[in-house]
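Below: the structure, in structure tokens.
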Amino acid sequence: MTCIPSAYDNRRGSVIVDTEKGVLLVSSSGGYYRLPGGKPKRGEASIQAAIRELREETGLRAYEVKYLFKFHASKIFWIRAKGTPTPENEIHRFAYFKPGKDMKVKVSDNTIKILKKYYD
């Protein structure tokens with residue numbers, strides 16, 4: 001059995017932005033979708049990386065942040081943000097996840113596990 005590396009296996013800050021449409025997901029290739037976020041820069045905390053990456057990837061500005069839980073090496077944060085998301089930097093596509101709604105895009109297995117834990 002081959003183990004596919006996951007973005008969440010590395011130290012990173014990942015973001016749950018829960019909107020009326022559902023939880024915002026991002027994709028750089030249109031292949032798999034994941035939560036916004038990324039690896040902290042040298043000396044940067046995971047929470048700072050989460051806020052920075054959200055802005056860099058979507059243009060959204062965080063104004064309320066709450067730590068939720070750790071998943072693998074990644075810290076998951078709930079963020080309320082201002083603005084309208086627009087794909088920026090390496091991000092080219094958005095999707096929204098709602099429980100029970102049939103997804104027309106591929107969501108990474110680990111992102112599904114994080115979202116299940118979030119909704120539970």
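Every chain in the structure tokens takes a letter, A first, then B, and so on in the order presented; its residues are numbered from 1, and the ligands are numbered from 1 following the presented order.
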For this session: Identify, on the basis of only C-alpha atoms, every residue whose closest approach to A:Leu35 does not exceed 9 Å; exclude the query and any residue fewer than 3 positions from it along the same chain; express the result as a ChimeraX atom specification.
Result: /A:14-17,23-27,111
Problem set entry | Filtered DSSP result for chain A, state helix (DSSP H, G or I), as a list in words | Ala7, Tyr8, Asp9, Ser46, Ile47, Gln48, Ala49, Ala50, Ile51, Arg52, Glu53, Leu54, Arg55, Glu56, Glu57, Thr58, Asp109, Asn110, Thr111, Ile112, Lys113, Ile114, Leu115, Lys116, Lys117, Tyr118 and Tyr119 of chain A
How would the residues just chosen look if you wrote them out with N, CA and C atoms as a tab-separated table (two decimals), in the first residue's frame?
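Written out: result_27.tsv:
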chain	number	residue	atom	x	y	z
A	7	ALA	N	-0.50	17.44	2.81
A	7	ALA	CA	-0.07	18.77	3.26
A	7	ALA	C	-0.13	18.86	4.78
A	8	TYR	N	-1.04	18.13	5.39
A	8	TYR	CA	-1.25	18.19	6.84
A	8	TYR	C	-0.19	17.42	7.62
A	9	ASP	N	0.69	16.68	6.92
A	9	ASP	CA	1.77	15.96	7.59
A	9	ASP	C	2.90	16.90	7.99
A	46	SER	N	2.05	29.02	13.94
A	46	SER	CA	1.05	28.43	13.03
A	46	SER	C	-0.15	29.34	12.85
A	47	ILE	N	-0.58	30.02	13.90
A	47	ILE	CA	-1.73	30.92	13.80
A	47	ILE	C	-1.42	32.09	12.87
A	48	GLN	N	-0.20	32.61	12.96
A	48	GLN	CA	0.21	33.70	12.07
A	48	GLN	C	0.26	33.22	10.62
A	49	ALA	N	0.78	32.01	10.43
A	49	ALA	CA	0.84	31.44	9.07
A	49	ALA	C	-0.57	31.25	8.50
A	50	ALA	N	-1.50	30.79	9.34
A	50	ALA	CA	-2.87	30.57	8.88
A	50	ALA	C	-3.49	31.88	8.40
A	51	ILE	N	-3.33	32.93	9.19
A	51	ILE	CA	-3.90	34.24	8.84
A	51	ILE	C	-3.23	34.79	7.57
A	52	ARG	N	-1.91	34.70	7.51
A	52	ARG	CA	-1.16	35.21	6.35
A	52	ARG	C	-1.52	34.44	5.08
A	53	GLU	N	-1.51	33.11	5.18
A	53	GLU	CA	-1.81	32.28	4.00
A	53	GLU	C	-3.24	32.49	3.51
A	54	LEU	N	-4.19	32.64	4.42
A	54	LEU	CA	-5.57	32.91	4.01
A	54	LEU	C	-5.61	34.18	3.17
A	55	ARG	N	-4.93	35.21	3.63
A	55	ARG	CA	-4.92	36.48	2.88
A	55	ARG	C	-4.21	36.32	1.54
A	56	GLU	N	-3.05	35.63	1.55
A	56	GLU	CA	-2.28	35.45	0.32
A	56	GLU	C	-3.02	34.59	-0.71
A	57	GLU	N	-3.75	33.58	-0.24
A	57	GLU	CA	-4.42	32.65	-1.16
A	57	GLU	C	-5.79	33.13	-1.62
A	58	THR	N	-6.47	33.92	-0.78
A	58	THR	CA	-7.87	34.28	-1.07
A	58	THR	C	-8.17	35.77	-1.03
A	109	ASP	N	-8.64	13.27	1.15
A	109	ASP	CA	-9.12	12.41	2.24
A	109	ASP	C	-8.90	13.05	3.60
A	110	ASN	N	-7.71	13.63	3.80
A	110	ASN	CA	-7.44	14.25	5.10
A	110	ASN	C	-8.28	15.49	5.34
A	111	THR	N	-8.58	16.23	4.29
A	111	THR	CA	-9.48	17.39	4.44
A	111	THR	C	-10.87	16.91	4.87
A	112	ILE	N	-11.34	15.82	4.29
A	112	ILE	CA	-12.63	15.24	4.69
A	112	ILE	C	-12.59	14.84	6.17
A	113	LYS	N	-11.49	14.23	6.62
A	113	LYS	CA	-11.36	13.85	8.03
A	113	LYS	C	-11.40	15.07	8.95
A	114	ILE	N	-10.73	16.14	8.55
A	114	ILE	CA	-10.74	17.38	9.34
A	114	ILE	C	-12.15	17.96	9.40
A	115	LEU	N	-12.82	18.00	8.26
A	115	LEU	CA	-14.18	18.57	8.21
A	115	LEU	C	-15.15	17.72	9.05
A	116	LYS	N	-14.99	16.39	9.03
A	116	LYS	CA	-15.84	15.53	9.84
A	116	LYS	C	-15.64	15.85	11.32
A	117	LYS	N	-14.38	15.98	11.73
A	117	LYS	CA	-14.09	16.32	13.13
A	117	LYS	C	-14.67	17.69	13.47
A	118	TYR	N	-14.56	18.65	12.58
A	118	TYR	CA	-15.10	19.99	12.79
A	118	TYR	C	-16.62	19.95	13.00
A	119	TYR	N	-17.32	19.22	12.13
A	119	TYR	CA	-18.77	19.18	12.24
A	119	TYR	C	-19.27	18.31	13.40
Problem set entry | Who sits within 7 Å of A:Arg80, only C-alpha atoms, same chain under 2 positions skipped, as a PyMOL selection string | chain A and resi 17+62-65+78
Problem set entry | For atom CA of A:Tyr67 and atom CA of A:Gly37, the interatomic separation in Å (one decimal) | 13.5 Å
For this session: With a distance cut-off of 12 Å and only C-alpha atoms, select the neighbouring residues of A:Lys104, excluding the residue or stretch itself and same-chain residues fewer than 3 positions from it, and output the selection as JSON, numbers by chain.
Result: {"A": [30, 31, 32, 33, 94, 95, 96, 97, 98, 101, 107]}
Exercise. Among stretch 2-107 of chain A, which ones does DSSP place in strand (DSSP E or B), written as a VMD selection string?
Worked result: chain A and resid 12 to 16 18 to 19 22 to 27 32 to 34 37 to 38 61 to 71 74 to 82 93 to 97 106 to 107
Problem set entry | 8 Å contact set for A:Ser28, only C-alpha atoms, chain neighbours under 5 positions out, as an MDAnalysis selection string | chainID A and resid 90:93
Exercise. For A:Asp18, which residue among A:Gly100, A:Ile79, A:Asp120, A:Lys70 is the nearest when counting only C-alpha atoms?
Worked result: A:Ile79
Exercise. Can you tell me, as number ranges by chain, what residues are no more than 9 Å from A:Gly59 when counting only C-alpha atoms, ignoring any on the same chain fewer than 3 positions away?
Worked result: A: 54-56, 82-88
